[in-house]
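Note: the block below is run-v6.pdb and it holds PDB, C-alpha atoms.
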ATOM      1  CA  GLU A  19    -133.246 -33.945  47.932  1.00  0.00           C
ATOM      2  CA  ALA A  20    -131.048 -34.016  44.862  1.00  0.00           C
ATOM      3  CA  GLY A  21    -127.398 -34.734  45.500  1.00  0.00           C
ATOM      4  CA  VAL A  22    -124.309 -33.035  44.143  1.00  0.00           C
ATOM      5  CA  THR A  23    -124.319 -33.287  40.377  1.00  0.00           C
ATOM      6  CA  GLN A  24    -121.237 -33.174  38.210  1.00  0.00           C
ATOM      7  CA  PHE A  25    -120.901 -33.248  34.465  1.00  0.00           C
ATOM      8  CA  PRO A  26    -119.632 -34.439  32.268  1.00  0.00           C
ATOM      9  CA  SER A  27    -118.985 -37.783  33.907  1.00  0.00           C
ATOM     10  CA  HIS A  28    -116.157 -38.445  31.479  1.00  0.00           C
ATOM     11  CA  SER A  29    -114.123 -36.202  29.206  1.00  0.00           C
ATOM     12  CA  VAL A  30    -111.311 -37.084  26.843  1.00  0.00           C
ATOM     13  CA  ILE A  31    -109.452 -34.149  25.321  1.00  0.00           C
ATOM     14  CA  GLU A  32    -106.185 -33.537  23.573  1.00  0.00           C
ATOM     15  CA  LYS A  33    -103.267 -31.800  25.202  1.00  0.00           C
ATOM     16  CA  GLY A  34    -103.596 -28.063  24.725  1.00  0.00           C
ATOM     17  CA  GLN A  35    -107.378 -28.031  24.537  1.00  0.00           C
ATOM     18  CA  THR A  36    -109.727 -26.458  27.047  1.00  0.00           C
ATOM     19  CA  VAL A  37    -112.175 -28.318  29.249  1.00  0.00           C
ATOM     20  CA  THR A  38    -114.813 -26.997  31.621  1.00  0.00           C
ATOM     21  CA  LEU A  39    -116.179 -29.106  34.418  1.00  0.00           C
ATOM     22  CA  ARG A  40    -119.411 -28.216  36.151  1.00  0.00           C
ATOM     23  CA  CYS A  41    -120.716 -28.877  39.625  1.00  0.00           C
ATOM     24  CA  ASP A  42    -124.235 -28.287  40.933  1.00  0.00           C
ATOM     25  CA  PRO A  43    -124.209 -28.442  44.734  1.00  0.00           C
ATOM     26  CA  ILE A  44    -127.136 -29.315  46.936  1.00  0.00           C
ATOM     27  CA  SER A  45    -129.539 -26.406  47.017  1.00  0.00           C
ATOM     28  CA  GLY A  46    -128.868 -24.153  49.983  1.00  0.00           C
ATOM     29  CA  HIS A  47    -125.326 -25.358  50.587  1.00  0.00           C
ATOM     30  CA  ASP A  48    -123.119 -22.307  50.821  1.00  0.00           C
ATOM     31  CA  ASN A  49    -119.865 -24.264  50.905  1.00  0.00           C
ATOM     32  CA  LEU A  50    -118.576 -25.848  47.720  1.00  0.00           C
ATOM     33  CA  TYR A  51    -115.283 -27.709  47.361  1.00  0.00           C
ATOM     34  CA  TRP A  52    -113.249 -29.100  44.507  1.00  0.00           C
ATOM     35  CA  TYR A  53    -110.897 -32.047  44.973  1.00  0.00           C
ATOM     36  CA  ARG A  54    -109.075 -34.271  42.515  1.00  0.00           C
ATOM     37  CA  ARG A  55    -107.491 -37.700  42.451  1.00  0.00           C
ATOM     38  CA  VAL A  56    -104.601 -38.062  40.062  1.00  0.00           C
ATOM     39  CA  MET A  57    -103.268 -41.435  38.873  1.00  0.00           C
ATOM     40  CA  GLY A  58    -104.808 -43.438  41.721  1.00  0.00           C
ATOM     41  CA  LYS A  59    -103.054 -41.368  44.359  1.00  0.00           C
ATOM     42  CA  GLU A  60    -104.485 -39.375  47.224  1.00  0.00           C
ATOM     43  CA  ILE A  61    -107.519 -37.199  46.721  1.00  0.00           C
ATOM     44  CA  LYS A  62    -106.240 -33.659  47.085  1.00  0.00           C
ATOM     45  CA  PHE A  63    -107.987 -30.421  47.912  1.00  0.00           C
ATOM     46  CA  LEU A  64    -108.152 -27.784  45.177  1.00  0.00           C
ATOM     47  CA  LEU A  65    -110.326 -24.988  46.498  1.00  0.00           C
ATOM     48  CA  HIS A  66    -113.261 -23.943  48.639  1.00  0.00           C
ATOM     49  CA  PHE A  67    -116.049 -21.478  47.885  1.00  0.00           C
ATOM     50  CA  VAL A  68    -118.325 -19.864  50.425  1.00  0.00           C
ATOM     51  CA  LYS A  69    -121.215 -18.679  48.338  1.00  0.00           C
ATOM     52  CA  GLU A  70    -119.553 -16.916  45.411  1.00  0.00           C
ATOM     53  CA  SER A  71    -116.305 -16.091  47.192  1.00  0.00           C
ATOM     54  CA  LYS A  72    -113.134 -18.133  47.131  1.00  0.00           C
ATOM     55  CA  GLN A  73    -112.409 -18.969  50.748  1.00  0.00           C
ATOM     56  CA  ASP A  74    -109.294 -20.997  50.074  1.00  0.00           C
ATOM     57  CA  GLU A  75    -107.668 -21.746  46.738  1.00  0.00           C
ATOM     58  CA  SER A  76    -104.340 -22.944  48.090  1.00  0.00           C
ATOM     59  CA  GLY A  77    -104.664 -26.319  46.369  1.00  0.00           C
ATOM     60  CA  MET A  78    -104.991 -25.015  42.823  1.00  0.00           C
ATOM     61  CA  PRO A  79    -101.950 -26.405  41.022  1.00  0.00           C
ATOM     62  CA  ASN A  80    -101.234 -23.499  38.658  1.00  0.00           C
ATOM     63  CA  ASN A  81    -102.803 -20.682  36.691  1.00  0.00           C
ATOM     64  CA  ARG A  82    -104.109 -23.019  34.009  1.00  0.00           C
ATOM     65  CA  PHE A  83    -106.937 -23.806  36.417  1.00  0.00           C
ATOM     66  CA  LEU A  84    -109.753 -21.306  36.884  1.00  0.00           C
ATOM     67  CA  ALA A  85    -112.730 -21.877  39.161  1.00  0.00           C
ATOM     68  CA  GLU A  86    -115.818 -19.734  39.328  1.00  0.00           C
ATOM     69  CA  ARG A  87    -119.081 -19.744  41.205  1.00  0.00           C
ATOM     70  CA  THR A  88    -121.133 -16.921  39.843  1.00  0.00           C
ATOM     71  CA  GLY A  89    -124.210 -16.175  41.918  1.00  0.00           C
ATOM     72  CA  GLY A  90    -123.180 -18.656  44.549  1.00  0.00           C
ATOM     73  CA  THR A  91    -124.976 -21.581  42.931  1.00  0.00           C
ATOM     74  CA  TYR A  92    -123.208 -23.903  40.504  1.00  0.00           C
ATOM     75  CA  SER A  93    -119.465 -23.856  39.980  1.00  0.00           C
ATOM     76  CA  THR A  94    -117.236 -24.405  36.987  1.00  0.00           C
ATOM     77  CA  LEU A  95    -113.622 -25.500  36.862  1.00  0.00           C
ATOM     78  CA  LYS A  96    -111.843 -24.669  33.643  1.00  0.00           C
ATOM     79  CA  VAL A  97    -108.512 -26.131  32.608  1.00  0.00           C
ATOM     80  CA  GLN A  98    -106.808 -24.156  29.847  1.00  0.00           C
ATOM     81  CA  PRO A  99    -104.646 -25.394  28.242  1.00  0.00           C
ATOM     82  CA  ALA A 100    -104.885 -28.964  29.484  1.00  0.00           C
ATOM     83  CA  GLU A 101    -101.705 -30.966  30.064  1.00  0.00           C
ATOM     84  CA  LEU A 102    -101.206 -34.714  30.371  1.00  0.00           C
ATOM     85  CA  GLU A 103    -100.658 -34.505  34.132  1.00  0.00           C
ATOM     86  CA  ASP A 104    -104.128 -33.002  34.573  1.00  0.00           C
ATOM     87  CA  SER A 105    -105.703 -36.402  33.948  1.00  0.00           C
ATOM     88  CA  GLY A 106    -107.592 -37.712  36.922  1.00  0.00           C
ATOM     89  CA  VAL A 107    -110.944 -37.677  38.651  1.00  0.00           C
ATOM     90  CA  TYR A 108    -112.269 -34.312  39.767  1.00  0.00           C
ATOM     91  CA  PHE A 109    -114.701 -34.382  42.673  1.00  0.00           C
ATOM     92  CA  CYS A 110    -117.001 -31.670  43.850  1.00  0.00           C
ATOM     93  CA  ALA A 111    -118.543 -31.572  47.316  1.00  0.00           C
ATOM     94  CA  SER A 112    -120.878 -29.286  49.183  1.00  0.00           C
ATOM     95  CA  SER A 113    -121.837 -28.752  52.780  1.00  0.00           C
ATOM     96  CA  GLN A 114    -124.199 -26.582  54.735  1.00  0.00           C
ATOM     97  CA  ASP A 115    -121.943 -25.871  57.675  1.00  0.00           C
ATOM     98  CA  LEU A 116    -118.361 -24.732  57.356  1.00  0.00           C
ATOM     99  CA  ASP A 117    -116.609 -27.792  58.647  1.00  0.00           C
ATOM    100  CA  GLY A 118    -119.033 -30.364  57.319  1.00  0.00           C
ATOM    101  CA  LEU A 119    -119.084 -32.108  60.645  1.00  0.00           C
ATOM    102  CA  LEU A 120    -122.730 -31.562  61.398  1.00  0.00           C
ATOM    103  CA  THR A 121    -124.254 -32.337  58.032  1.00  0.00           C
ATOM    104  CA  GLY A 122    -121.268 -33.972  56.420  1.00  0.00           C
ATOM    105  CA  TYR A 123    -119.751 -33.316  53.058  1.00  0.00           C
ATOM    106  CA  THR A 124    -121.785 -34.625  50.135  1.00  0.00           C
ATOM    107  CA  PHE A 125    -119.659 -35.551  47.165  1.00  0.00           C
ATOM    108  CA  GLY A 126    -120.607 -35.841  43.537  1.00  0.00           C
ATOM    109  CA  SER A 127    -119.776 -38.838  41.377  1.00  0.00           C
ATOM    110  CA  GLY A 128    -116.797 -37.048  39.891  1.00  0.00           C
ATOM    111  CA  THR A 129    -115.631 -36.186  36.403  1.00  0.00           C
ATOM    112  CA  ARG A 130    -112.996 -38.469  34.937  1.00  0.00           C
ATOM    113  CA  LEU A 131    -110.726 -36.315  32.789  1.00  0.00           C
ATOM    114  CA  THR A 132    -108.303 -37.927  30.379  1.00  0.00           C
ATOM    115  CA  VAL A 133    -105.821 -35.742  28.510  1.00  0.00           C
ATOM    116  CA  VAL A 134    -104.177 -37.482  25.553  1.00  0.00           C
TER     117      VAL A 134
ATOM    118  CA  GLY B  10     -98.774 -30.502  57.125  1.00  0.00           C
ATOM    119  CA  ASP B  11    -101.579 -32.939  57.758  1.00  0.00           C
ATOM    120  CA  SER B  12    -101.306 -36.339  56.109  1.00  0.00           C
ATOM    121  CA  VAL B  13    -102.955 -39.745  56.087  1.00  0.00           C
ATOM    122  CA  THR B  14    -101.347 -43.097  55.365  1.00  0.00           C
ATOM    123  CA  GLN B  15    -103.484 -46.127  54.711  1.00  0.00           C
ATOM    124  CA  MET B  16    -102.578 -49.654  53.778  1.00  0.00           C
ATOM    125  CA  GLU B  17    -102.105 -50.238  50.122  1.00  0.00           C
ATOM    126  CA  GLY B  18    -104.327 -52.586  48.230  1.00  0.00           C
ATOM    127  CA  PRO B  19    -105.743 -54.182  46.443  1.00  0.00           C
ATOM    128  CA  VAL B  20    -107.320 -56.403  49.026  1.00  0.00           C
ATOM    129  CA  THR B  21    -109.206 -59.494  47.881  1.00  0.00           C
ATOM    130  CA  LEU B  22    -111.124 -61.671  50.285  1.00  0.00           C
ATOM    131  CA  SER B  23    -114.014 -64.099  50.456  1.00  0.00           C
ATOM    132  CA  GLU B  24    -117.512 -63.413  51.717  1.00  0.00           C
ATOM    133  CA  GLU B  25    -117.855 -63.531  55.502  1.00  0.00           C
ATOM    134  CA  ALA B  26    -114.146 -62.884  55.976  1.00  0.00           C
ATOM    135  CA  PHE B  27    -112.847 -60.287  58.426  1.00  0.00           C
ATOM    136  CA  LEU B  28    -111.669 -57.011  56.924  1.00  0.00           C
ATOM    137  CA  THR B  29    -109.165 -54.578  58.403  1.00  0.00           C
ATOM    138  CA  ILE B  30    -107.786 -51.530  56.622  1.00  0.00           C
ATOM    139  CA  ASN B  31    -105.080 -49.738  58.555  1.00  0.00           C
ATOM    140  CA  CYS B  32    -104.976 -45.959  58.667  1.00  0.00           C
ATOM    141  CA  THR B  33    -102.577 -43.674  60.513  1.00  0.00           C
ATOM    142  CA  TYR B  34    -102.394 -39.925  60.448  1.00  0.00           C
ATOM    143  CA  THR B  35    -100.167 -36.949  61.155  1.00  0.00           C
ATOM    144  CA  ALA B  36    -101.826 -33.717  62.192  1.00  0.00           C
ATOM    145  CA  THR B  37    -101.469 -30.779  64.490  1.00  0.00           C
ATOM    146  CA  GLY B  38    -104.167 -30.198  67.021  1.00  0.00           C
ATOM    147  CA  TYR B  39    -107.201 -32.448  67.231  1.00  0.00           C
ATOM    148  CA  PRO B  40    -108.462 -33.466  63.798  1.00  0.00           C
ATOM    149  CA  SER B  41    -111.723 -35.171  62.987  1.00  0.00           C
ATOM    150  CA  LEU B  42    -111.338 -38.530  61.256  1.00  0.00           C
ATOM    151  CA  PHE B  43    -113.427 -40.103  58.516  1.00  0.00           C
ATOM    152  CA  TRP B  44    -113.783 -43.135  56.331  1.00  0.00           C
ATOM    153  CA  TYR B  45    -115.258 -42.550  52.892  1.00  0.00           C
ATOM    154  CA  VAL B  46    -116.288 -45.247  50.444  1.00  0.00           C
ATOM    155  CA  GLN B  47    -116.631 -45.153  46.672  1.00  0.00           C
ATOM    156  CA  TYR B  48    -118.726 -47.920  45.167  1.00  0.00           C
ATOM    157  CA  PRO B  49    -118.265 -48.638  41.452  1.00  0.00           C
ATOM    158  CA  GLY B  50    -119.724 -45.845  39.336  1.00  0.00           C
ATOM    159  CA  GLU B  51    -120.716 -43.734  42.312  1.00  0.00           C
ATOM    160  CA  GLY B  52    -119.384 -40.755  44.221  1.00  0.00           C
ATOM    161  CA  LEU B  53    -117.635 -40.648  47.552  1.00  0.00           C
ATOM    162  CA  GLN B  54    -119.930 -41.433  50.449  1.00  0.00           C
ATOM    163  CA  LEU B  55    -119.245 -40.834  54.097  1.00  0.00           C
ATOM    164  CA  LEU B  56    -119.091 -44.225  55.779  1.00  0.00           C
ATOM    165  CA  LEU B  57    -118.335 -43.195  59.352  1.00  0.00           C
ATOM    166  CA  LYS B  58    -116.612 -40.529  61.395  1.00  0.00           C
ATOM    167  CA  ALA B  59    -115.143 -39.743  64.799  1.00  0.00           C
ATOM    168  CA  THR B  60    -114.510 -36.282  66.117  1.00  0.00           C
ATOM    169  CA  LYS B  61    -112.478 -36.875  69.273  1.00  0.00           C
ATOM    170  CA  ALA B  62    -110.148 -39.361  70.889  1.00  0.00           C
ATOM    171  CA  ASP B  63    -111.656 -42.737  71.842  1.00  0.00           C
ATOM    172  CA  ASP B  64    -114.794 -42.084  69.787  1.00  0.00           C
ATOM    173  CA  LYS B  65    -115.974 -45.061  67.780  1.00  0.00           C
ATOM    174  CA  GLY B  66    -117.650 -44.488  64.449  1.00  0.00           C
ATOM    175  CA  SER B  67    -119.857 -47.218  63.065  1.00  0.00           C
ATOM    176  CA  ASN B  68    -122.114 -47.792  60.079  1.00  0.00           C
ATOM    177  CA  LYS B  69    -123.224 -50.756  57.934  1.00  0.00           C
ATOM    178  CA  GLY B  70    -121.295 -53.163  60.156  1.00  0.00           C
ATOM    179  CA  PHE B  71    -118.052 -51.188  59.816  1.00  0.00           C
ATOM    180  CA  GLU B  72    -116.294 -49.724  62.835  1.00  0.00           C
ATOM    181  CA  ALA B  73    -113.283 -47.512  63.484  1.00  0.00           C
ATOM    182  CA  THR B  74    -111.968 -46.110  66.760  1.00  0.00           C
ATOM    183  CA  TYR B  75    -110.083 -42.817  67.057  1.00  0.00           C
ATOM    184  CA  ARG B  76    -106.810 -43.750  68.794  1.00  0.00           C
ATOM    185  CA  LYS B  77    -104.871 -40.631  69.653  1.00  0.00           C
ATOM    186  CA  GLU B  78    -102.032 -42.497  71.346  1.00  0.00           C
ATOM    187  CA  THR B  79    -101.250 -44.431  68.177  1.00  0.00           C
ATOM    188  CA  THR B  80    -102.603 -41.772  65.758  1.00  0.00           C
ATOM    189  CA  SER B  81    -104.692 -44.433  64.078  1.00  0.00           C
ATOM    190  CA  PHE B  82    -108.219 -44.956  62.788  1.00  0.00           C
ATOM    191  CA  HIS B  83    -108.302 -48.516  61.475  1.00  0.00           C
ATOM    192  CA  LEU B  84    -111.431 -49.691  59.677  1.00  0.00           C
ATOM    193  CA  GLU B  85    -112.858 -53.115  60.528  1.00  0.00           C
ATOM    194  CA  LYS B  86    -115.784 -55.285  59.541  1.00  0.00           C
ATOM    195  CA  GLY B  87    -116.379 -58.717  60.930  1.00  0.00           C
ATOM    196  CA  SER B  88    -118.096 -60.354  57.975  1.00  0.00           C
ATOM    197  CA  VAL B  89    -117.876 -58.768  54.543  1.00  0.00           C
ATOM    198  CA  GLN B  90    -120.308 -59.194  51.691  1.00  0.00           C
ATOM    199  CA  VAL B  91    -119.863 -58.938  47.942  1.00  0.00           C
ATOM    200  CA  SER B  92    -121.662 -55.599  48.115  1.00  0.00           C
ATOM    201  CA  ASP B  93    -118.796 -54.208  50.230  1.00  0.00           C
ATOM    202  CA  SER B  94    -116.515 -54.262  47.195  1.00  0.00           C
ATOM    203  CA  ALA B  95    -115.408 -50.658  46.795  1.00  0.00           C
ATOM    204  CA  VAL B  96    -112.545 -48.228  47.282  1.00  0.00           C
ATOM    205  CA  TYR B  97    -112.149 -47.055  50.883  1.00  0.00           C
ATOM    206  CA  PHE B  98    -110.509 -43.744  51.797  1.00  0.00           C
ATOM    207  CA  CYS B  99    -109.331 -42.668  55.212  1.00  0.00           C
ATOM    208  CA  ALA B 100    -109.398 -38.898  55.729  1.00  0.00           C
ATOM    209  CA  LEU B 101    -108.916 -36.231  58.347  1.00  0.00           C
ATOM    210  CA  MET B 102    -110.098 -32.670  58.730  1.00  0.00           C
ATOM    211  CA  GLY B 103    -107.922 -30.243  60.617  1.00  0.00           C
ATOM    212  CA  ASN B 104    -108.443 -26.686  61.653  1.00  0.00           C
ATOM    213  CA  ASP B 105    -108.340 -25.477  58.058  1.00  0.00           C
ATOM    214  CA  TYR B 106    -111.605 -27.304  57.158  1.00  0.00           C
ATOM    215  CA  LYS B 107    -109.884 -29.163  54.341  1.00  0.00           C
ATOM    216  CA  LEU B 108    -110.034 -32.923  54.036  1.00  0.00           C
ATOM    217  CA  SER B 109    -106.721 -34.751  53.703  1.00  0.00           C
ATOM    218  CA  PHE B 110    -107.165 -38.203  52.205  1.00  0.00           C
ATOM    219  CA  GLY B 111    -105.169 -41.380  52.092  1.00  0.00           C
ATOM    220  CA  ALA B 112    -104.433 -43.018  48.753  1.00  0.00           C
ATOM    221  CA  GLY B 113    -107.426 -45.349  48.936  1.00  0.00           C
ATOM    222  CA  THR B 114    -107.662 -49.106  49.323  1.00  0.00           C
ATOM    223  CA  THR B 115    -109.495 -51.177  46.734  1.00  0.00           C
ATOM    224  CA  VAL B 116    -111.390 -54.045  48.307  1.00  0.00           C
ATOM    225  CA  THR B 117    -112.844 -56.901  46.287  1.00  0.00           C
ATOM    226  CA  VAL B 118    -115.062 -59.463  47.983  1.00  0.00           C
ATOM    227  CA  ARG B 119    -115.641 -62.732  46.157  1.00  0.00           C
ATOM    228  CA  ALA B 120    -118.659 -64.963  46.639  1.00  0.00           C
TER     229      ALA B 120
END

Is it possible to express this structure as structure tokens?
Amino acid sequence: EAGVTQFPSHSVIEKGQTVTLRCDPISGHDNLYWYRRVMGKEIKFLLHFVKESKQDESGMPNNRFLAERTGGTYSTLKVQPAELEDSGVYFCASSQDLDGLLTGYTFGSGTRLTVV
Amino acid sequence: GDSVTQMEGPVTLSEEAFLTINCTYTATGYPSLFWYVQYPGEGLQLLLKATKADDKGSNKGFEATYRKETTSFHLEKGSVQVSDSAVYFCALMGNDYKLSFGAGTTVTVRA
């Protein structure tokens, strides 16, 4: 089966611009997660979708970040306007069961975002 | 809140050397523990996991034992290969179904 696909793999944008990251989860996985790793630090949770609904968005840093999952398939994460501190690697993951313990989370390769 | 602390890298060692990466955690309740690995140019992959105290996770020659008394989940491999060069992340999942990760340890194995 195809894995979790993220694109672009790399994005370099100027401060103040808008960037949209996309994640295609494994087909049939209801749970979709966004995480990010900033400046080589810990990977931190951003939010969790169950189908098209936001189950938990407690990790979203501020209102410049907007995540959507229309139709419960792919998800987008928009940063508008981007700031320098948004640079990092954004990971998407999906799982079939809620806690990922049975099937395990499957992560994408990540999108490396650089804001200059 | 939940947190994970793992030894800082980078770690550089020779082929066939013994590898240990220390990981300790703070969590309420009974979390599940994981080691993830990121090979160059690839995504995060689950390496091994343990869901309760004294469980041992193992995969690809790596092992880690869930030690509740010391709140630790140290990763070990007896004889590393060049192909083990990667970034290793310790993580836990608590009752909120969110993964909390350590900062990652970069391991480089030289031939």

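Within the 10 Å cut-off around region 94-96 of chain B, using all atoms listed in the file and omitting residues fewer than 4 positions from it on the same chain, the listed residues are B:Gly18, B:Pro19, B:Val20, B:Thr21, B:Leu22, B:Tyr45, B:Val46, B:Gln47, B:Tyr48, B:Pro49, B:Gly50, B:Glu51, B:Leu53, B:Val89, B:Gln90, B:Ala112, B:Gly113, B:Thr114, B:Thr115, B:Val116, B:Thr117, B:Val118, B:Arg119.
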
Sort by chain and increasing residue number a table of all residues of chain B within 10 Å of chain A, each with its closest pair of atoms and their distance in Å to one decimal, counting all atoms listed in the file, and write it as CSV.
residue,atom,partner,partner_atom,distance
B:Ser12,CA,A:Glu60,CA,9.9
B:Val13,CA,A:Glu60,CA,9.0
B:Thr14,CA,A:Glu60,CA,9.5
B:Ser41,CA,A:Leu119,CA,8.3
B:Gln47,CA,A:Ser127,CA,8.8
B:Tyr48,CA,A:Ser127,CA,9.9
B:Pro49,CA,A:Ser127,CA,9.9
B:Gly50,CA,A:Ser127,CA,7.3
B:Glu51,CA,A:Ser127,CA,5.1
B:Gly52,CA,A:Ser127,CA,3.5
B:Leu53,CA,A:Phe125,CA,5.5
B:Gln54,CA,A:Phe125,CA,6.7
B:Leu55,CA,A:Gly122,CA,7.5
B:Lys58,CA,A:Leu119,CA,8.8
B:Ala59,CA,A:Leu119,CA,9.5
B:Thr60,CA,A:Leu119,CA,8.3
B:Phe98,CA,A:Glu60,CA,8.7
B:Cys99,CA,A:Glu60,CA,9.9
B:Ala100,CA,A:Ile61,CA,9.4
B:Met102,CA,A:Asp117,CA,8.1
B:Gly103,CA,A:Asp117,CA,9.2
B:Asn104,CA,A:Asp117,CA,8.8
B:Asp105,CA,A:Asp117,CA,8.6
B:Tyr106,CA,A:Asp117,CA,5.2
B:Lys107,CA,A:Phe63,CA,6.8
B:Leu108,CA,A:Phe63,CA,6.9
B:Ser109,CA,A:Lys62,CA,6.7
B:Phe110,CA,A:Ile61,CA,5.6
B:Gly111,CA,A:Glu60,CA,5.3
B:Ala112,CA,A:Glu60,CA,4.0
B:Gly113,CA,A:Glu60,CA,6.9
B:Thr114,CA,A:Gly58,CA,9.9

- Task: Kindly resolve the PyMOL selection byres ((chain B and resi 88) around 8) on the present coordinates and return the residues as a VMD selection string.
- Result: chain B and resid 24 to 28 86 to 87 89 to 90

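Take the PyMOL selection byres ((chain B and resi 82) around 9) and apply it to this file: it picks Asn31, Cys32, Thr33, Tyr34, Leu42, Phe43, Trp44, Ala59, Ala73, Thr74, Tyr75, Arg76, Lys77, Thr79, Thr80, Ser81, His83, Leu84 and Cys99 of chain B.
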
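Among the candidate residues A:Ala85, A:Gly21, A:Tyr108, A:Val97, the one lying nearest to Pro43 (chain A) is A:Gly21, with distances computed using only C-alpha atoms.
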
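Minimum distance to Tyr92 (chain A) across A:Lys72, A:Arg130, A:Arg40, A:His47 (counting only C-alpha atoms) occurs at A:Arg40.
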
**Message:** Running the PyMOL selection byres ((chain A and resi 32) around 8) on this model by hand, what would come out? Give it as a PyMOL selection string.
**Reply:** chain A and resi 30-31+33-35+100+133-134

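CA of Ser71 (chain A) to CA of Arg87 (chain A) spans 7.5 Å [interatomic distance, one decimal].
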
A straight line from CA of His28 (chain A) to CA of Leu84 (chain A) spans 19.1 Å

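For the pair CA of Ala20 (chain A) and CA of Asp104 (chain A), the separation is 28.8 Å.
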
Kindly extract all protein, DNA and RNA residues lying within 6 Å of the coordinates (-117.8, -24.9, 37.6) given in the file, considering all atoms listed in the file, and supply them as a ChimeraX atom specification.
/A:39-41,86,93-95

Go ahead and save the picked residues with C-alpha atoms, as an mmCIF file, in the coordinates of the input.
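Final file, selection23.cif:
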data_model
loop_
_atom_site.group_PDB
_atom_site.id
_atom_site.type_symbol
_atom_site.label_atom_id
_atom_site.label_comp_id
_atom_site.auth_asym_id
_atom_site.auth_seq_id
_atom_site.Cartn_x
_atom_site.Cartn_y
_atom_site.Cartn_z
ATOM 1 C CA LEU A 39 -116.179 -29.106 34.418
ATOM 2 C CA ARG A 40 -119.411 -28.216 36.151
ATOM 3 C CA CYS A 41 -120.716 -28.877 39.625
ATOM 4 C CA GLU A 86 -115.818 -19.734 39.328
ATOM 5 C CA SER A 93 -119.465 -23.856 39.980
ATOM 6 C CA THR A 94 -117.236 -24.405 36.987
ATOM 7 C CA LEU A 95 -113.622 -25.500 36.862
#
